[in-house]
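Everything below concerns the one structure shown next.
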Amino acid sequence: TKPKVFVTRAVFPDVLERLSAHFDVECNQSDQIFSPGELLEKMRDVDGVFTTPSERVGAQEIAASPRLKAICNMAVGYNNIDLDAATKAGILVTNTPDVLNETTADFAWALLLAAARRVTESEHWLRAGEWKKWRFDTFLGADIHGATLGILGMGRIGQAIARRSMGFDMQVIYHNRSRLAPELEARANNARYVSKEALLREADHLVLVLPYSAASHHAIGAAELDLMKPTATLVNIARGGIVDDAALIAALKAGRIAAAGLDVFENEPAFNPDFLALSNVALTPHIASASEPTRRAMANCAADNLIAALSGAMPPNLLNPAARVAG
Ligand code: GLV
Ligand code: GLV
């Protein structure tokens, strides 16, 4: 008999078909995110699970799933999965890196341009029939070209964002756990490594691209926002929780920074409603990697990993090699 897998969201039909050639597939066909209780129930007797960042697979889910051998997350980020608990239980965990780098970098620019040049804010005004109130100083924004772009977290997506800044004649500064090799800095529009404090002080536009972990929790809070220029734009395409949302709301309200572009929030999808009352923020619902080809590539990548993991092969994007020993 084929191994059993559970797919937490109805992904592309051709990807489900690929999985069905290898596995006995059960899939959540509803458009509802599974509650933790439902997920626990579904995971109880499967060999593998295909997840998205909407599902939290914690120690409890792992402990309740004795057959489970693989958790394949359709995302580059995997903070929704308790990696330590999975490793101890001998469960392989995989993500989908690289296939989304360029698409996600594109979207960082979409949000940066939207926030700094007030694109979504002015569209709301237009739709509300306010155009007759237009003045020469309606929706004055900040320039992108010639400005200093700051990047916090300089992995592959950060570097793809930096490369795109060449066309805007920008200076790039970055902070990261470790400094890039000189040839990578050169390719990233001659990005200059600076301290986190210098990054916050000097950036005209700051993009957050670091993974979420206990170490990056509230990496941007009230103290960090205070260091930023009052004219600065903050963009978060990484994860909710990296920014202290309450502190950001206070800063946007008080004009301590000019604008923000946010694709991710604390407690998604139930984010802080105070954002909705602010005009100087462009808001999107966690779609930075959502181009048609890239979401297909991510789904197929997660499927490749699941197929490899449950056939005893090395999954291409294994996050916890130690699990193979534990298992
Ligand atoms: C999306 O947020 C991802 O981590 O891929
Ligand atoms: C703007 O519409 C201009 O003509 O300058």
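Going through the structure tokens in order, the chains are called A, B, and so on, while each chain numbers its residues from 1 and the ligands are numbered from 1 in the order shown.
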Point to revise | Spatial neighbours of stretch 148-165 of chain A, 7 Å, only C-alpha atoms, chain gap at least 2 places, as a PyMOL selection string | key: chain A and resi 101-102+104-105+146+167-176+187-189+199+203-210
Put those residues in a file: C-alpha atoms, as a compact mmCIF listing (two decimals), in the first residue's frame.
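Output file part19.txt is given in full below:
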# COMPACT_ATOMS: atom_id res chain seq x y z
CA ASN A 101 13.93 34.67 -4.41
CA GLU A 102 13.34 36.83 -7.48
CA THR A 104 9.79 37.98 -3.51
CA ALA A 105 12.42 40.61 -4.30
CA GLY A 146 19.24 58.42 -5.32
CA GLY A 167 18.37 51.08 -11.76
CA PHE A 168 17.36 53.61 -9.11
CA ASP A 169 20.92 54.86 -8.56
CA MET A 170 20.76 54.00 -4.88
CA GLN A 171 23.41 53.39 -2.25
CA VAL A 172 22.91 50.10 -0.44
CA ILE A 173 23.78 49.44 3.19
CA TYR A 174 23.02 46.21 5.01
CA HIS A 175 23.28 44.43 8.29
CA ASN A 176 23.39 40.67 8.66
CA ARG A 187 26.97 42.10 -7.17
CA ALA A 188 24.48 43.52 -4.65
CA ASN A 189 25.04 47.05 -5.97
CA LEU A 199 21.54 50.86 9.26
CA ALA A 203 18.55 54.19 5.61
CA ASP A 204 16.01 56.27 3.72
CA HIS A 205 14.14 53.06 3.00
CA LEU A 206 14.60 49.95 5.12
CA VAL A 207 13.58 46.47 3.98
CA LEU A 208 13.39 43.55 6.42
CA VAL A 209 14.33 40.17 4.97
CA LEU A 210 15.44 38.10 7.95
Check your understanding: Which residues, written as an MDAnalysis selection string, have at least one atom at most 8 Å from stretch 221-236 of chain A, with only C-alpha atoms counted and residues fewer than 2 positions away on the same chain left out?
Key -> chainID A and resid 108 111:112 115:116 142 197 200:209 218:219 238:239 243:245 247:248 251 255:264
Practice item. Taking the chain letters and numbering used in this document, name the residues of stretch 89-119 of chain A that DSSP puts in alpha helix (DSSP H), as a ChimeraX atom specification. Key: /A:101-116,119
C-alpha atoms of the current selection, written as a compact mmCIF listing (two decimals), in the first residue's frame:
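Contents of result_0.txt, as written:
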# COMPACT_ATOMS: atom_id res chain seq x y z
CA ASN A 101 13.93 34.67 -4.41
CA GLU A 102 13.34 36.83 -7.48
CA THR A 103 9.55 37.00 -7.17
CA THR A 104 9.79 37.98 -3.51
CA ALA A 105 12.42 40.61 -4.30
CA ASP A 106 10.08 42.05 -6.96
CA PHE A 107 7.35 42.36 -4.36
CA ALA A 108 9.59 44.11 -1.83
CA TRP A 109 9.97 46.79 -4.47
CA ALA A 110 6.23 46.89 -5.12
CA LEU A 111 5.62 47.57 -1.42
CA LEU A 112 8.50 50.04 -1.11
CA LEU A 113 7.29 52.05 -4.10
CA ALA A 114 3.67 51.82 -2.96
CA ALA A 115 4.46 53.05 0.55
CA ALA A 116 7.01 55.74 -0.31
CA VAL A 119 0.11 54.45 -4.25
Review point. Can you tell me, as a ChimeraX atom specification, what residues are no more than 8 Å from A:Leu40 when counting only C-alpha atoms, ignoring any on the same chain fewer than 3 positions away?
Key: /A:36-37,43-44,61,64-65
Output C-alpha atoms for every residue in the selection just made, as an mmCIF file, in the first residue's frame.
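See again_39.cif below for the written result:
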data_model
loop_
_atom_site.group_PDB
_atom_site.id
_atom_site.type_symbol
_atom_site.label_atom_id
_atom_site.label_comp_id
_atom_site.auth_asym_id
_atom_site.auth_seq_id
_atom_site.Cartn_x
_atom_site.Cartn_y
_atom_site.Cartn_z
ATOM 1 C CA PRO A 36 -5.088 23.152 15.487
ATOM 2 C CA GLY A 37 -7.556 20.459 16.606
ATOM 3 C CA MET A 43 -1.975 14.118 11.158
ATOM 4 C CA ARG A 44 -2.609 11.257 13.552
ATOM 5 C CA GLU A 61 1.044 17.796 16.822
ATOM 6 C CA ALA A 64 0.349 12.944 18.494
ATOM 7 C CA SER A 65 1.532 11.687 15.083
#
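Residues of stretch 151-282 of chain A assigned to strand (DSSP E or B) by DSSP on this structure's backbone: Ile151, Leu152, Gln171, Val172, Ile173, Tyr174, His175, Arg192, Tyr193, His205, Leu206, Val207, Leu208, Ile220, Thr233, Leu234, Val235, Asn236, Val243, Ala259, Ala260, Gly261, Leu262, Val281 and Ala282 of chain A.
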Check your understanding: Got a sec: who's within 7 Å of stretch 68-82 of chain A, counting only C-alpha atoms, leaving out chain neighbours fewer than 3 positions off, as JSON, numbers by chain?
Key -> {"A": [46, 47, 48, 49, 50, 51, 52, 53, 55, 56, 57, 58, 59, 65, 85, 86, 90, 91, 92, 93, 94, 95, 96, 97, 211, 212, 213, 298, 299, 302, 305, 306, 309]}
Write the residues you've just listed into a file as a short mmCIF file (atom, residue, chain, number, x, y, z; two decimals), in the first residue's frame, and include N, CA and C atoms for each of them.
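Contents of the output file out.cif:
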data_model
loop_
_atom_site.label_atom_id
_atom_site.label_comp_id
_atom_site.auth_asym_id
_atom_site.auth_seq_id
_atom_site.Cartn_x
_atom_site.Cartn_y
_atom_site.Cartn_z
N VAL A 46 -0.91 9.66 9.40
CA VAL A 46 -0.29 9.81 8.08
C VAL A 46 1.23 9.67 8.19
N ASP A 47 1.84 9.37 7.03
CA ASP A 47 3.30 9.23 6.97
C ASP A 47 3.98 10.55 6.65
N GLY A 48 3.22 11.43 5.97
CA GLY A 48 3.81 12.72 5.60
C GLY A 48 2.74 13.78 5.56
N VAL A 49 3.17 15.04 5.77
CA VAL A 49 2.22 16.15 5.69
C VAL A 49 2.83 17.27 4.87
N PHE A 50 2.00 17.85 4.01
CA PHE A 50 2.36 18.98 3.14
C PHE A 50 1.69 20.19 3.76
N THR A 51 2.50 21.14 4.26
CA THR A 51 1.94 22.26 5.01
C THR A 51 2.23 23.59 4.33
N THR A 52 1.53 24.61 4.78
CA THR A 52 1.80 26.00 4.38
C THR A 52 2.04 26.79 5.67
N PRO A 53 2.51 28.04 5.56
CA PRO A 53 2.76 28.80 6.79
C PRO A 53 1.51 29.04 7.64
N GLU A 55 -0.39 26.80 8.84
CA GLU A 55 -0.56 25.74 9.84
C GLU A 55 0.62 25.72 10.80
N ARG A 56 0.30 25.63 12.07
CA ARG A 56 1.33 25.51 13.09
C ARG A 56 1.50 24.03 13.43
N VAL A 57 2.69 23.50 13.18
CA VAL A 57 2.98 22.13 13.56
C VAL A 57 3.95 22.17 14.74
N GLY A 58 3.38 22.08 15.92
CA GLY A 58 4.18 22.20 17.14
C GLY A 58 4.48 20.86 17.76
N ALA A 59 5.08 20.91 18.92
CA ALA A 59 5.48 19.68 19.63
C ALA A 59 4.26 18.79 19.89
N SER A 65 1.48 12.27 16.44
CA SER A 65 1.53 11.69 15.08
C SER A 65 2.63 10.62 15.00
N ALA A 85 11.52 19.64 17.91
CA ALA A 85 10.66 18.50 18.25
C ALA A 85 10.64 17.50 17.10
N ALA A 86 10.60 18.00 15.87
CA ALA A 86 10.59 17.10 14.71
C ALA A 86 11.89 16.31 14.64
N GLY A 90 12.70 12.21 14.83
CA GLY A 90 13.18 11.57 13.60
C GLY A 90 12.34 11.93 12.38
N ILE A 91 11.67 13.08 12.43
CA ILE A 91 10.82 13.51 11.32
C ILE A 91 11.59 14.51 10.45
N LEU A 92 11.65 14.25 9.15
CA LEU A 92 12.35 15.15 8.24
C LEU A 92 11.48 16.38 7.98
N VAL A 93 12.13 17.55 7.98
CA VAL A 93 11.41 18.80 7.69
C VAL A 93 12.09 19.48 6.50
N THR A 94 11.28 19.95 5.56
CA THR A 94 11.84 20.62 4.37
C THR A 94 11.12 21.94 4.11
N ASN A 95 11.79 22.82 3.37
CA ASN A 95 11.19 24.10 2.96
C ASN A 95 11.38 24.27 1.45
N THR A 96 11.04 25.45 0.93
CA THR A 96 11.17 25.69 -0.52
C THR A 96 12.00 26.93 -0.79
N PRO A 97 13.31 26.85 -0.57
CA PRO A 97 14.15 28.03 -0.79
C PRO A 97 14.40 28.28 -2.28
N PRO A 211 14.90 35.83 8.61
CA PRO A 211 13.96 34.79 9.06
C PRO A 211 13.50 35.08 10.48
N TYR A 212 12.30 34.62 10.80
CA TYR A 212 11.81 34.79 12.16
C TYR A 212 12.36 33.68 13.06
N SER A 213 12.81 34.09 14.23
CA SER A 213 13.24 33.13 15.25
C SER A 213 13.17 33.87 16.58
N MET A 298 6.96 26.50 -6.03
CA MET A 298 7.02 26.18 -4.59
C MET A 298 6.24 24.91 -4.28
N ALA A 299 5.05 24.77 -4.88
CA ALA A 299 4.23 23.58 -4.63
C ALA A 299 4.94 22.33 -5.14
N ALA A 302 7.86 21.49 -2.80
CA ALA A 302 7.40 20.79 -1.59
C ALA A 302 7.03 19.34 -1.92
N ASN A 305 10.14 17.23 -2.35
CA ASN A 305 10.70 16.91 -1.04
C ASN A 305 9.94 15.78 -0.35
N LEU A 306 8.61 15.84 -0.46
CA LEU A 306 7.78 14.81 0.18
C LEU A 306 8.01 13.45 -0.48
N ALA A 309 11.46 12.25 0.59
CA ALA A 309 11.52 11.91 2.02
C ALA A 309 10.88 10.56 2.30
#
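Between ligand 1 and the residues A:Asp274, A:Glu123, A:Asp98, A:Asp24, the shortest atom-to-atom distance, using only C-alpha atoms and all ligand atoms, involves A:Asp98.
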**Study point:** Nearest to ligand 2 by atom-to-atom distance, counting only C-alpha atoms and all ligand atoms, from A:Leu310, A:Ala288, A:Phe136, A:Gly241
**Key:** A:Phe136
Within 10 Å of A:Val25, counting only C-alpha atoms, which residues qualify if same-chain residues fewer than 3 places away don't, as a compact mmCIF listing (two decimals) with C-alpha atoms, in the first residue's frame?
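Output file part.txt is given in full below:
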# COMPACT_ATOMS: atom_id res chain seq x y z
CA LYS A 2 1.07 3.55 -0.66
CA PRO A 3 2.18 5.83 2.17
CA LYS A 4 -0.52 8.18 3.41
CA VAL A 5 -0.06 11.93 3.19
CA PHE A 6 -2.18 14.86 4.21
CA VAL A 7 -2.12 18.13 2.25
CA LEU A 16 -1.96 16.85 -6.10
CA GLU A 17 -2.00 14.49 -9.07
CA LEU A 19 1.48 13.28 -5.20
CA SER A 20 -1.33 10.80 -5.88
CA ALA A 21 0.96 8.76 -8.12
CA HIS A 22 3.10 8.04 -5.03
CA VAL A 46 -0.29 9.81 8.08
CA GLY A 48 3.81 12.72 5.60
CA VAL A 49 2.22 16.15 5.69
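The interatomic distance for the pair atom CA of A:Thr87 and atom CA of A:Asn320 works out to 6.3 Å.
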Practice item. Find the residues around stretch 275-279 of chain A up to 8 Å (only C-alpha atoms counted), leave out those fewer than 6 positions away in its own chain, and share them as an MDAnalysis selection string. Key: chainID A and resid 121 249 252:253
How about saving the chosen residues, C-alpha atoms kept, as an mmCIF file, in the first residue's frame?
data_model
loop_
_atom_site.group_PDB
_atom_site.id
_atom_site.type_symbol
_atom_site.label_atom_id
_atom_site.label_comp_id
_atom_site.auth_asym_id
_atom_site.auth_seq_id
_atom_site.Cartn_x
_atom_site.Cartn_y
_atom_site.Cartn_z
ATOM 1 C CA GLU A 121 -3.379 55.464 -0.072
ATOM 2 C CA ILE A 249 1.543 51.648 14.736
ATOM 3 C CA LEU A 252 3.371 55.692 12.073
ATOM 4 C CA LYS A 253 0.678 57.541 13.988
#
